[in-house]
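One structure is given below, encoded as structure tokens.
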Amino acid sequence: MHWLDLFYHPVWVLSTAVLALVVRMQRRGSWDPQSCSVRLKGKTAIVTGANTGIGKFIALDFARRGARVILACRSQARGSAALQEIREKSGNSDVHLRLVDVSSLDSVREFAEGILKEEEALHILVNNAAVSGLPRQITKDGFDASFATNHLGPFLLTNLLLDLMKRSAPARIVTVASVNHKKGEVDFSHFHGENLNYFMDNVYNHTKLHNIICTNQLAHRLQGTGVTANSVHPGIVMTEVLRHYPWSLRFIFNLIGFFFFKTPEEGAVSSIFCALAEEMEGITGKYCDSDCQLVLPAPLARDTALAVKDFEICERLTSKL
Ligand SMILES: NC(=O)c1ccc[n+]([C@@H]2O[C@H](COP(=O)([O-])OP(=O)(O)OC[C@H]3O[C@@H](n4cnc5c(N)ncnc54)[C@H](OP(=O)(O)O)[C@@H]3O)[C@@H](O)[C@H]2O)c1
Ligand SMILES: *[C@@H]1O[C@H](CO)[C@@H](O)[C@H](O)[C@H]1NC(C)=O
């Protein structure tokens with residue numbers, strides 16, 4: 001036997017497969033929503049981007065716990081399909097679809113107006129909708145489309161619903177951010193699509209950093225109101241998140257992902273944890289990783305002076321004046 005044959009030995013193949021299997025079994029988070037008995041009867045929750053991916057499983061979990069759930073989606077067709085599926089799987093008919101395109105300030109205002117008119121209370125808001133890998137595109141409000149979708153739209157939506165949430169306290173705001181924020185940078189000209197490099201997930205990384213910065217600042221402003229605001233990393237999750245990337249990249253992602261990444265259902269866990277777990281009661285301004293552990297986000301996300309400035313700029317950009 002040639003010594004090189006050692007590398008092609010079935011033992012290697014077998015041990016690699018076993019190792020992959022073990023890693024796959026180990027990747028579950030430490031908190032299990034199924035063993036959490038919290039009920040949400042009488043509570044109202046909004047989940048943006050609830051028609052697919054992580055958002056759909058967050059909404060399904062809330063529906064199973066008896067909440068009144070509002071799926072905030074941009075497509076009537078995709079939203080209705082999810083609505084039907086969630087109603088069927090949860091047996092809860094108090095699930096509703098409301099249309100919103102979070103990349104448009106007008107659409108966000110219209111959606112919020114409808115909510116304020118129709119809903120008596122709001123206990124949970126999950127800002128989940130986001131895009132990655134969008135090419136350069138400027139919205140009619142004059143913002144880069146990724147920044148509008150991932151940060152400025154959700155920022156405005158949250159602010160418009162704040163009074164209702166304060167009246168409904170205790171209430172919780174959860175922002176689905178990402179570990180990618182660690183590679184993000186802050187440059188306020190980015191909001192308008194200036195000085196951005198659209199290579200891969202570069203822009204996405206910046207938007208996710210702003211998510212955490214502004215969620216922390218919001219938590220600071222909300223102290224004493226009974227409304228908490230936290231951000232989460234869902235893990236690396238096999239969803240449609242790569243829809244704007246080349247198919248070759250998606251192929252590799254899905255291939256590796258089959259063994260190592262989370263399913264959308266597993267990806268929903270850290271958001272569900274922050275939205276309803278008793279462990280998170282009263283906890284605010286924190287960042288939760290995909291294993292439901294509170295960890296420190298990147299230094300830029302903890303810079304208070306920067307956060308004050310960022311929040312004020314976003315308020316100005318999303319105000320009507
Ligand atoms: N997947 C991951 O590995 C990963 C990792 C870290 C963080 N995250 C975060 O997890 C969250 C959910 O992502 P996902 O992986 O579930 O992605 P996804 O499968 O692509 O789902 C994204 C959702 O957002 C909605 N959406 C996008 N743009 C919108 C807009 N302008 N207005 C309203 N809704 C809009 C989509 O609606 P349509 O179907 O109509 O487009 C869809 O429902 C995001 O915040 C993402 O950044 C994901
Ligand atoms: C975005 O963040 C991810 C995760 O931290 C990193 O792997 C990737 O290289 C970053 N993208 C760019 C273009 O910097």
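We name chains A, B, ... following the order of the structure tokens; residues begin at 1 in each chain, and ligands are numbered from 1 as shown.
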
Closest atom pairs, chain A residues within 6 Å of ligand 1, only C-alpha atoms and all ligand atoms, as a tab-separated table:
residue	atom	partner	partner_atom_place_in_ligand_line	distance
A:Gly49	CA	ligand 1	43 (O)	3.4
A:Ala50	CA	ligand 1	43 (O)	5.0
A:Asn51	CA	ligand 1	43 (O)	4.6
A:Thr52	CA	ligand 1	43 (O)	4.7
A:Gly53	CA	ligand 1	16 (O)	3.5
A:Ile54	CA	ligand 1	16 (O)	3.9
A:Gly55	CA	ligand 1	16 (O)	5.7
A:Cys73	CA	ligand 1	33 (C)	5.0
A:Arg74	CA	ligand 1	33 (C)	4.4
A:Ser75	CA	ligand 1	40 (O)	5.2
A:Val100	CA	ligand 1	33 (C)	5.6
A:Asp101	CA	ligand 1	32 (N)	3.5
A:Val102	CA	ligand 1	32 (N)	4.0
A:Ser103	CA	ligand 1	31 (N)	4.4
A:Asn128	CA	ligand 1	45 (O)	4.4
A:Ala129	CA	ligand 1	24 (O)	3.4
A:Ala130	CA	ligand 1	45 (O)	4.4
A:Val131	CA	ligand 1	27 (C)	5.3
A:Thr149	CA	ligand 1	31 (N)	5.0
A:Val176	CA	ligand 1	45 (O)	4.8
A:Ala177	CA	ligand 1	7 (C)	5.5
A:Ser178	CA	ligand 1	6 (C)	4.2
A:His233	CA	ligand 1	6 (C)	5.7
A:Pro234	CA	ligand 1	6 (C)	5.5
A:Gly235	CA	ligand 1	5 (C)	5.4
A:Ile236	CA	ligand 1	3 (O)	3.6
A:Val237	CA	ligand 1	3 (O)	3.7
A:Met238	CA	ligand 1	1 (N)	5.6
A:Thr239	CA	ligand 1	19 (O)	4.3
A:Glu240	CA	ligand 1	19 (O)	3.7
A:Val241	CA	ligand 1	20 (O)	3.6

With N, CA and C atoms retained, could you export that selection as a PDB file, in the first residue's frame?
ATOM      1  N   GLY A  49     -41.423  41.129   8.332  1.00  0.00           N
ATOM      2  CA  GLY A  49     -40.812  40.106   7.483  1.00  0.00           C
ATOM      3  C   GLY A  49     -41.167  38.711   7.951  1.00  0.00           C
ATOM      4  N   ALA A  50     -42.460  38.518   8.278  1.00  0.00           N
ATOM      5  CA  ALA A  50     -42.879  37.258   8.898  1.00  0.00           C
ATOM      6  C   ALA A  50     -43.336  36.218   7.878  1.00  0.00           C
ATOM      7  N   ASN A  51     -43.146  36.491   6.592  1.00  0.00           N
ATOM      8  CA  ASN A  51     -43.661  35.545   5.604  1.00  0.00           C
ATOM      9  C   ASN A  51     -42.701  34.405   5.296  1.00  0.00           C
ATOM     10  N   THR A  52     -41.436  34.536   5.710  1.00  0.00           N
ATOM     11  CA  THR A  52     -40.471  33.473   5.400  1.00  0.00           C
ATOM     12  C   THR A  52     -39.335  33.501   6.419  1.00  0.00           C
ATOM     13  N   GLY A  53     -38.427  32.557   6.292  1.00  0.00           N
ATOM     14  CA  GLY A  53     -37.203  32.558   7.100  1.00  0.00           C
ATOM     15  C   GLY A  53     -37.453  32.576   8.601  1.00  0.00           C
ATOM     16  N   ILE A  54     -36.591  33.314   9.281  1.00  0.00           N
ATOM     17  CA  ILE A  54     -36.617  33.379  10.739  1.00  0.00           C
ATOM     18  C   ILE A  54     -37.923  34.003  11.234  1.00  0.00           C
ATOM     19  N   GLY A  55     -38.357  35.063  10.582  1.00  0.00           N
ATOM     20  CA  GLY A  55     -39.552  35.798  10.997  1.00  0.00           C
ATOM     21  C   GLY A  55     -40.792  34.921  11.059  1.00  0.00           C
ATOM     22  N   CYS A  73     -45.766  42.342   6.485  1.00  0.00           N
ATOM     23  CA  CYS A  73     -45.065  41.869   5.285  1.00  0.00           C
ATOM     24  C   CYS A  73     -45.292  42.829   4.131  1.00  0.00           C
ATOM     25  N   ARG A  74     -44.432  42.743   3.120  1.00  0.00           N
ATOM     26  CA  ARG A  74     -44.594  43.680   2.005  1.00  0.00           C
ATOM     27  C   ARG A  74     -45.392  43.101   0.855  1.00  0.00           C
ATOM     28  N   SER A  75     -45.523  41.770   0.817  1.00  0.00           N
ATOM     29  CA  SER A  75     -46.225  41.158  -0.308  1.00  0.00           C
ATOM     30  C   SER A  75     -47.530  40.511   0.157  1.00  0.00           C
ATOM     31  N   VAL A 100     -46.650  46.248   4.756  1.00  0.00           N
ATOM     32  CA  VAL A 100     -45.721  47.364   4.947  1.00  0.00           C
ATOM     33  C   VAL A 100     -44.435  47.079   4.179  1.00  0.00           C
ATOM     34  N   ASP A 101     -43.938  48.114   3.517  1.00  0.00           N
ATOM     35  CA  ASP A 101     -42.611  48.037   2.923  1.00  0.00           C
ATOM     36  C   ASP A 101     -41.713  48.868   3.831  1.00  0.00           C
ATOM     37  N   VAL A 102     -40.900  48.197   4.627  1.00  0.00           N
ATOM     38  CA  VAL A 102     -40.131  48.930   5.639  1.00  0.00           C
ATOM     39  C   VAL A 102     -39.046  49.824   5.042  1.00  0.00           C
ATOM     40  N   SER A 103     -38.801  49.699   3.730  1.00  0.00           N
ATOM     41  CA  SER A 103     -37.785  50.566   3.117  1.00  0.00           C
ATOM     42  C   SER A 103     -38.357  51.935   2.755  1.00  0.00           C
ATOM     43  N   ASN A 128     -37.557  42.264  12.335  1.00  0.00           N
ATOM     44  CA  ASN A 128     -36.841  41.142  11.738  1.00  0.00           C
ATOM     45  C   ASN A 128     -36.520  41.354  10.256  1.00  0.00           C
ATOM     46  N   ALA A 129     -37.394  42.034   9.528  1.00  0.00           N
ATOM     47  CA  ALA A 129     -37.219  42.176   8.074  1.00  0.00           C
ATOM     48  C   ALA A 129     -35.883  42.836   7.754  1.00  0.00           C
ATOM     49  N   ALA A 130     -35.178  42.305   6.773  1.00  0.00           N
ATOM     50  CA  ALA A 130     -33.907  42.898   6.350  1.00  0.00           C
ATOM     51  C   ALA A 130     -33.490  42.312   5.008  1.00  0.00           C
ATOM     52  N   VAL A 131     -32.553  42.987   4.378  1.00  0.00           N
ATOM     53  CA  VAL A 131     -31.981  42.484   3.117  1.00  0.00           C
ATOM     54  C   VAL A 131     -30.459  42.493   3.212  1.00  0.00           C
ATOM     55  N   THR A 149     -34.098  49.760   4.444  1.00  0.00           N
ATOM     56  CA  THR A 149     -34.795  48.531   4.824  1.00  0.00           C
ATOM     57  C   THR A 149     -34.352  48.023   6.195  1.00  0.00           C
ATOM     58  N   VAL A 176     -33.594  42.122  15.315  1.00  0.00           N
ATOM     59  CA  VAL A 176     -32.773  41.033  14.811  1.00  0.00           C
ATOM     60  C   VAL A 176     -31.570  41.654  14.093  1.00  0.00           C
ATOM     61  N   ALA A 177     -30.436  41.625  14.759  1.00  0.00           N
ATOM     62  CA  ALA A 177     -29.207  42.199  14.190  1.00  0.00           C
ATOM     63  C   ALA A 177     -28.369  41.040  13.659  1.00  0.00           C
ATOM     64  N   SER A 178     -27.066  41.095  13.827  1.00  0.00           N
ATOM     65  CA  SER A 178     -26.218  40.020  13.340  1.00  0.00           C
ATOM     66  C   SER A 178     -24.819  40.165  13.904  1.00  0.00           C
ATOM     67  N   HIS A 233     -28.402  38.097  17.741  1.00  0.00           N
ATOM     68  CA  HIS A 233     -27.828  37.431  16.565  1.00  0.00           C
ATOM     69  C   HIS A 233     -28.548  36.088  16.461  1.00  0.00           C
ATOM     70  N   PRO A 234     -29.158  35.788  15.315  1.00  0.00           N
ATOM     71  CA  PRO A 234     -29.920  34.539  15.213  1.00  0.00           C
ATOM     72  C   PRO A 234     -29.058  33.314  14.931  1.00  0.00           C
ATOM     73  N   GLY A 235     -27.778  33.523  14.613  1.00  0.00           N
ATOM     74  CA  GLY A 235     -26.947  32.412  14.163  1.00  0.00           C
ATOM     75  C   GLY A 235     -26.822  32.483  12.649  1.00  0.00           C
ATOM     76  N   ILE A 236     -26.069  31.540  12.078  1.00  0.00           N
ATOM     77  CA  ILE A 236     -26.024  31.479  10.612  1.00  0.00           C
ATOM     78  C   ILE A 236     -27.142  30.539  10.218  1.00  0.00           C
ATOM     79  N   VAL A 237     -28.083  31.042   9.484  1.00  0.00           N
ATOM     80  CA  VAL A 237     -29.347  30.345   9.291  1.00  0.00           C
ATOM     81  C   VAL A 237     -29.649  30.153   7.809  1.00  0.00           C
ATOM     82  N   MET A 238     -30.131  28.962   7.469  1.00  0.00           N
ATOM     83  CA  MET A 238     -30.439  28.663   6.075  1.00  0.00           C
ATOM     84  C   MET A 238     -31.799  29.237   5.685  1.00  0.00           C
ATOM     85  N   THR A 239     -31.785  30.465   5.203  1.00  0.00           N
ATOM     86  CA  THR A 239     -33.006  31.132   4.775  1.00  0.00           C
ATOM     87  C   THR A 239     -32.794  31.667   3.364  1.00  0.00           C
ATOM     88  N   GLU A 240     -33.665  32.597   2.968  1.00  0.00           N
ATOM     89  CA  GLU A 240     -33.510  33.207   1.645  1.00  0.00           C
ATOM     90  C   GLU A 240     -32.609  34.438   1.709  1.00  0.00           C
ATOM     91  N   VAL A 241     -31.868  34.580   2.813  1.00  0.00           N
ATOM     92  CA  VAL A 241     -31.084  35.799   3.036  1.00  0.00           C
ATOM     93  C   VAL A 241     -30.066  36.062   1.920  1.00  0.00           C
TER      94      VAL A 241
END

Exercise answer, 6 Å around ligand 2 with only C-alpha atoms and all ligand atoms, as a PyMOL selection string: chain A and resi 179-180+182-183+199-202+205

Just N, CA and C atoms for this one: save the residues we selected as a short mmCIF file (atom, residue, chain, number, x, y, z; two decimals), in the first residue's frame.
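This went into selection.cif:
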data_model
loop_
_atom_site.label_atom_id
_atom_site.label_comp_id
_atom_site.auth_asym_id
_atom_site.auth_seq_id
_atom_site.Cartn_x
_atom_site.Cartn_y
_atom_site.Cartn_z
N VAL A 179 -24.13 39.04 14.00
CA VAL A 179 -22.73 39.06 14.42
C VAL A 179 -21.91 39.85 13.40
N ASN A 180 -22.44 39.97 12.20
CA ASN A 180 -21.77 40.74 11.14
C ASN A 180 -21.55 42.20 11.51
N LYS A 182 -19.91 43.29 13.69
CA LYS A 182 -18.52 43.47 14.14
C LYS A 182 -17.62 44.00 13.05
N LYS A 183 -18.01 43.74 11.80
CA LYS A 183 -17.22 44.24 10.67
C LYS A 183 -17.81 45.55 10.13
N PHE A 199 -19.44 45.68 -2.17
CA PHE A 199 -18.88 44.34 -2.29
C PHE A 199 -19.48 43.40 -1.23
N MET A 200 -20.00 42.29 -1.71
CA MET A 200 -20.56 41.25 -0.82
C MET A 200 -21.48 41.84 0.26
N ASP A 201 -21.22 41.46 1.54
CA ASP A 201 -22.12 41.89 2.61
C ASP A 201 -21.61 43.12 3.35
N ASN A 202 -20.79 43.90 2.68
CA ASN A 202 -20.19 45.07 3.31
C ASN A 202 -21.24 46.05 3.85
N ASN A 205 -23.32 44.70 6.73
CA ASN A 205 -22.59 44.73 8.00
C ASN A 205 -22.73 46.10 8.69
#

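CA of Ala298 (chain A) lies 22.7 Å from CA of Arg172 (chain A).
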
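Distance check against Val108 (chain A) using only C-alpha atoms: of A:Ala72, A:Cys292, A:Ala45, A:Val38, the minimum falls on A:Ala72.
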
From a backbone DSSP assignment, name each residue in region 61-195 of chain A labelled strand (DSSP E or B), as a PyMOL selection string. chain A and resi 68-73+95-99+124-127+138+144+171-176

Give me the residues near His210 (chain A) as a ChimeraX atom specification, where near means some atom within 12 Å (using only C-alpha atoms) and where sequence neighbours in that chain fewer than 2 positions away do not count. /A:146-148,150-152,154-155,175-178,180-188,190-191,203-208,212-218,231,297-298,300-303,306-311,313-314

Save out the residues we just selected, N, CA and C atoms, as a compact mmCIF listing (two decimals), in the first residue's frame.
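The resulting file, again_28.txt, is shown below:
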# COMPACT_ATOMS: atom_id res chain seq x y z
N SER A 146 -30.55 49.46 1.28
CA SER A 146 -30.24 48.53 2.37
C SER A 146 -30.36 49.23 3.72
N PHE A 147 -29.86 50.46 3.79
CA PHE A 147 -29.98 51.23 5.04
C PHE A 147 -31.44 51.54 5.35
N ALA A 148 -32.22 51.85 4.31
CA ALA A 148 -33.64 52.15 4.51
C ALA A 148 -34.36 50.92 5.05
N ASN A 150 -33.06 47.99 6.40
CA ASN A 150 -32.53 47.34 7.61
C ASN A 150 -32.50 48.26 8.82
N HIS A 151 -32.38 49.55 8.57
CA HIS A 151 -32.23 50.41 9.74
C HIS A 151 -33.22 51.57 9.85
N LEU A 152 -33.28 52.43 8.84
CA LEU A 152 -34.09 53.66 9.00
C LEU A 152 -35.59 53.38 9.06
N PRO A 154 -37.18 50.46 10.05
CA PRO A 154 -37.46 49.87 11.37
C PRO A 154 -37.30 50.88 12.52
N PHE A 155 -36.33 51.78 12.38
CA PHE A 155 -36.11 52.81 13.40
C PHE A 155 -37.37 53.68 13.52
N THR A 175 -34.67 43.57 18.21
CA THR A 175 -34.12 43.87 16.89
C THR A 175 -33.24 42.72 16.46
N VAL A 176 -33.59 42.12 15.31
CA VAL A 176 -32.77 41.03 14.81
C VAL A 176 -31.57 41.65 14.09
N ALA A 177 -30.44 41.62 14.76
CA ALA A 177 -29.21 42.20 14.19
C ALA A 177 -28.37 41.04 13.66
N SER A 178 -27.07 41.09 13.83
CA SER A 178 -26.22 40.02 13.34
C SER A 178 -24.82 40.17 13.90
N ASN A 180 -22.44 39.97 12.20
CA ASN A 180 -21.77 40.74 11.14
C ASN A 180 -21.55 42.20 11.51
N HIS A 181 -22.25 42.68 12.54
CA HIS A 181 -22.08 44.09 12.93
C HIS A 181 -20.63 44.36 13.31
N LYS A 182 -19.91 43.29 13.69
CA LYS A 182 -18.52 43.47 14.14
C LYS A 182 -17.62 44.00 13.05
N LYS A 183 -18.01 43.74 11.80
CA LYS A 183 -17.22 44.24 10.67
C LYS A 183 -17.81 45.55 10.13
N GLY A 184 -18.84 46.04 10.79
CA GLY A 184 -19.48 47.28 10.32
C GLY A 184 -18.71 48.52 10.75
N GLU A 185 -18.97 49.60 10.03
CA GLU A 185 -18.37 50.90 10.38
C GLU A 185 -19.48 51.94 10.39
N VAL A 186 -19.21 53.04 11.10
CA VAL A 186 -20.19 54.11 11.14
C VAL A 186 -19.68 55.30 10.35
N ASP A 187 -20.46 55.68 9.35
CA ASP A 187 -20.17 56.88 8.55
C ASP A 187 -21.55 57.37 8.13
N PHE A 188 -21.94 58.53 8.65
CA PHE A 188 -23.33 58.96 8.46
C PHE A 188 -23.67 59.27 7.00
N HIS A 190 -23.20 57.20 4.74
CA HIS A 190 -23.70 55.91 4.22
C HIS A 190 -25.21 55.92 4.03
N PHE A 191 -25.91 56.59 4.96
CA PHE A 191 -27.38 56.58 4.90
C PHE A 191 -27.88 57.01 3.53
N VAL A 203 -22.21 46.43 2.99
CA VAL A 203 -23.24 47.40 3.39
C VAL A 203 -24.12 46.81 4.49
N TYR A 204 -24.48 45.56 4.32
CA TYR A 204 -25.29 44.84 5.32
C TYR A 204 -24.63 44.93 6.70
N ASN A 205 -23.32 44.70 6.73
CA ASN A 205 -22.59 44.73 8.00
C ASN A 205 -22.73 46.10 8.69
N HIS A 206 -22.63 47.17 7.90
CA HIS A 206 -22.80 48.51 8.49
C HIS A 206 -24.21 48.66 9.08
N THR A 207 -25.22 48.23 8.31
CA THR A 207 -26.61 48.43 8.77
C THR A 207 -26.87 47.70 10.09
N LYS A 208 -26.25 46.53 10.23
CA LYS A 208 -26.49 45.73 11.44
C LYS A 208 -25.80 46.35 12.66
N ILE A 212 -27.75 47.77 16.35
CA ILE A 212 -27.40 47.56 17.76
C ILE A 212 -27.17 48.89 18.47
N ILE A 213 -26.47 49.80 17.80
CA ILE A 213 -26.20 51.11 18.41
C ILE A 213 -27.52 51.78 18.80
N CYS A 214 -28.46 51.84 17.86
CA CYS A 214 -29.71 52.58 18.12
C CYS A 214 -30.63 51.82 19.06
N THR A 215 -30.59 50.49 19.05
CA THR A 215 -31.40 49.73 20.01
C THR A 215 -30.90 49.99 21.43
N ASN A 216 -29.59 50.04 21.60
CA ASN A 216 -29.03 50.34 22.93
C ASN A 216 -29.40 51.74 23.39
N GLN A 217 -29.33 52.69 22.48
CA GLN A 217 -29.68 54.07 22.83
C GLN A 217 -31.17 54.18 23.16
N LEU A 218 -31.98 53.43 22.40
CA LEU A 218 -33.42 53.42 22.67
C LEU A 218 -33.68 52.85 24.08
N SER A 231 -31.06 43.56 21.20
CA SER A 231 -30.79 43.03 19.86
C SER A 231 -30.26 41.61 19.95
N PRO A 297 -21.45 43.29 22.44
CA PRO A 297 -21.28 43.52 21.01
C PRO A 297 -19.95 44.24 20.77
N ALA A 298 -19.63 44.54 19.53
CA ALA A 298 -18.36 45.20 19.19
C ALA A 298 -18.24 46.54 19.92
N LEU A 300 -17.67 49.55 18.97
CA LEU A 300 -18.42 50.66 18.37
C LEU A 300 -19.89 50.65 18.80
N ALA A 301 -20.42 49.46 19.04
CA ALA A 301 -21.82 49.33 19.44
C ALA A 301 -22.02 49.72 20.90
N ARG A 302 -20.91 49.94 21.62
CA ARG A 302 -21.00 50.30 23.04
C ARG A 302 -20.53 51.72 23.31
N ASP A 303 -20.28 52.46 22.24
CA ASP A 303 -19.80 53.83 22.38
C ASP A 303 -21.01 54.76 22.57
N LEU A 306 -21.28 58.07 20.54
CA LEU A 306 -21.62 57.76 19.14
C LEU A 306 -23.11 57.43 19.02
N ALA A 307 -23.62 56.69 20.01
CA ALA A 307 -25.02 56.27 19.98
C ALA A 307 -25.96 57.46 20.07
N VAL A 308 -25.62 58.42 20.93
CA VAL A 308 -26.46 59.61 21.07
C VAL A 308 -26.55 60.32 19.71
N LYS A 309 -25.40 60.44 19.07
CA LYS A 309 -25.34 61.13 17.78
C LYS A 309 -26.10 60.35 16.70
N ASP A 310 -25.86 59.05 16.64
CA ASP A 310 -26.50 58.20 15.65
C ASP A 310 -28.02 58.30 15.78
N PHE A 311 -28.49 58.17 17.01
CA PHE A 311 -29.94 58.19 17.25
C PHE A 311 -30.54 59.52 16.81
N ILE A 313 -29.38 61.63 14.59
CA ILE A 313 -29.35 61.75 13.12
C ILE A 313 -30.49 60.93 12.50
N CYS A 314 -30.67 59.72 13.00
CA CYS A 314 -31.74 58.87 12.46
C CYS A 314 -33.11 59.49 12.75

Under the rule of at most 9 Å, produce a per-residue listing of region 71-149 of chain A near region 269-277 of chain A: chain, number, name, the closest pair of atoms, and the distance in Å, as a tab-separated table, using only C-alpha atoms.
residue	atom	partner	partner_atom	distance
A:Ile124	CA	A:Ala275	CA	6.5
A:Leu125	CA	A:Ala275	CA	8.1
A:Val126	CA	A:Ala275	CA	7.7
A:Asn128	CA	A:Ser271	CA	9.0

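Of the listed residues (A:Ile283, A:Leu222, A:Phe251, A:Leu156), A:Leu156 comes nearest to Arg316 (chain A); the distances count only C-alpha atoms.
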
Counting only C-alpha atoms, closest pick from A:Leu196, A:Val22, A:Ile86, A:Leu157 relative to Asp61 (chain A) is A:Ile86

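The shortest atom-to-atom distance to Glu120 (chain A), with only C-alpha atoms taken into account, belongs to A:Lys43 out of A:His9, A:Lys43, A:Arg78, A:His2.
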
Got a sec: who's within 8 Å of Ala63 (chain A), counting only C-alpha atoms, leaving out chain neighbours fewer than 2 positions off, as an MDAnalysis selection string? chainID A and resid 59:61 65:69 86:87 90 92 94:95

With C-alpha atoms kept, could you save the residues just selected as a short mmCIF file (atom, residue, chain, number, x, y, z; two decimals), in the first residue's frame?
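Saved the output as out-v7.cif:
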data_model
loop_
_atom_site.label_atom_id
_atom_site.label_comp_id
_atom_site.auth_asym_id
_atom_site.auth_seq_id
_atom_site.Cartn_x
_atom_site.Cartn_y
_atom_site.Cartn_z
CA ALA A 59 -44.54 34.54 14.48
CA LEU A 60 -45.56 30.87 14.58
CA ASP A 61 -44.16 30.53 18.10
CA ARG A 65 -48.64 30.69 22.72
CA GLY A 66 -52.00 32.32 22.04
CA ALA A 67 -50.90 35.84 21.12
CA ARG A 68 -52.66 38.13 18.73
CA VAL A 69 -50.01 38.23 16.00
CA ILE A 86 -49.39 29.94 10.71
CA ARG A 87 -53.12 29.88 11.45
CA SER A 90 -50.98 27.04 15.54
CA ASN A 92 -54.85 30.37 16.40
CA ASP A 94 -56.11 35.71 15.82
CA VAL A 95 -53.22 36.09 13.36
#

Write down as an NGL selection string the residues of region 213-272 of chain A whose backbone DSSP state falls under alpha helix (DSSP H). :A and (213-221 or 247-260 or 264-267 or 269-272)

One number please: CA of Gln26 (chain A) to CA of Phe62 (chain A), in Å, one decimal. 25.6 Å

re CA of Lys140 (chain A) and CA of Ile46 (chain A): distance 25.5 Å

Distance query Thr225 (chain A) at most 12 Å, only C-alpha atoms, self and fewer than 5 positions along chain excluded, as an MDAnalysis selection string: chainID A and resid 162:172 218:220 282 284

Write the residues of the preceding selection, restricted to N, CA and C atoms, as a CSV table (one decimal), in the first residue's frame.
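After the write, selection-v2.csv holds the following:
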chain,number,residue,atom,x,y,z
A,162,LEU,N,-43.9,53.5,19.8
A,162,LEU,CA,-43.4,53.6,21.2
A,162,LEU,C,-44.5,53.9,22.3
A,163,ASP,N,-45.3,54.9,22.0
A,163,ASP,CA,-46.3,55.4,23.0
A,163,ASP,C,-47.3,54.2,23.3
A,164,LEU,N,-47.7,53.5,22.2
A,164,LEU,CA,-48.6,52.4,22.4
A,164,LEU,C,-48.0,51.3,23.2
A,165,MET,N,-46.7,51.1,23.0
A,165,MET,CA,-46.0,50.1,23.8
A,165,MET,C,-45.8,50.5,25.2
A,166,LYS,N,-45.5,51.8,25.4
A,166,LYS,CA,-45.4,52.3,26.8
A,166,LYS,C,-46.7,52.1,27.6
A,167,ARG,N,-47.8,52.4,26.9
A,167,ARG,CA,-49.2,52.2,27.5
A,167,ARG,C,-49.4,50.8,27.8
A,168,SER,N,-48.8,49.8,27.0
A,168,SER,CA,-49.0,48.4,27.2
A,168,SER,C,-48.0,47.7,28.1
A,169,ALA,N,-47.1,48.5,28.7
A,169,ALA,CA,-46.0,47.9,29.4
A,169,ALA,C,-46.5,47.0,30.5
A,170,PRO,N,-45.7,45.9,30.8
A,170,PRO,CA,-44.4,45.6,30.2
A,170,PRO,C,-44.5,45.2,28.8
A,171,ALA,N,-43.5,45.7,28.0
A,171,ALA,CA,-43.5,45.4,26.6
A,171,ALA,C,-42.0,45.2,26.2
A,172,ARG,N,-41.8,44.5,25.1
A,172,ARG,CA,-40.4,44.2,24.6
A,172,ARG,C,-40.2,44.5,23.2
A,218,LEU,N,-32.0,53.4,22.4
A,218,LEU,CA,-33.4,53.4,22.7
A,218,LEU,C,-33.7,52.9,24.1
A,219,ALA,N,-33.0,51.8,24.4
A,219,ALA,CA,-33.1,51.2,25.7
A,219,ALA,C,-32.8,52.2,26.8
A,220,HIS,N,-31.8,53.0,26.6
A,220,HIS,CA,-31.4,54.0,27.5
A,220,HIS,C,-32.5,55.0,27.7
A,282,GLY,N,-37.2,42.6,32.3
A,282,GLY,CA,-36.6,43.8,32.8
A,282,GLY,C,-35.2,44.0,32.2
A,284,THR,N,-32.5,45.1,29.5
A,284,THR,CA,-32.7,46.0,28.4
A,284,THR,C,-31.3,46.5,27.9

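Considering the residues A:Ser248, A:Thr139, A:Thr318, A:Ser80 and counting only C-alpha atoms, Asn159 (chain A) has its shortest atom-to-atom contact with A:Thr318.
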
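For the residues A:Ser35, A:Gln84, A:Ser290, A:Gln76, ranking by smallest atom-to-atom distance to Glu266 (chain A) using only C-alpha atoms places A:Ser290 first.
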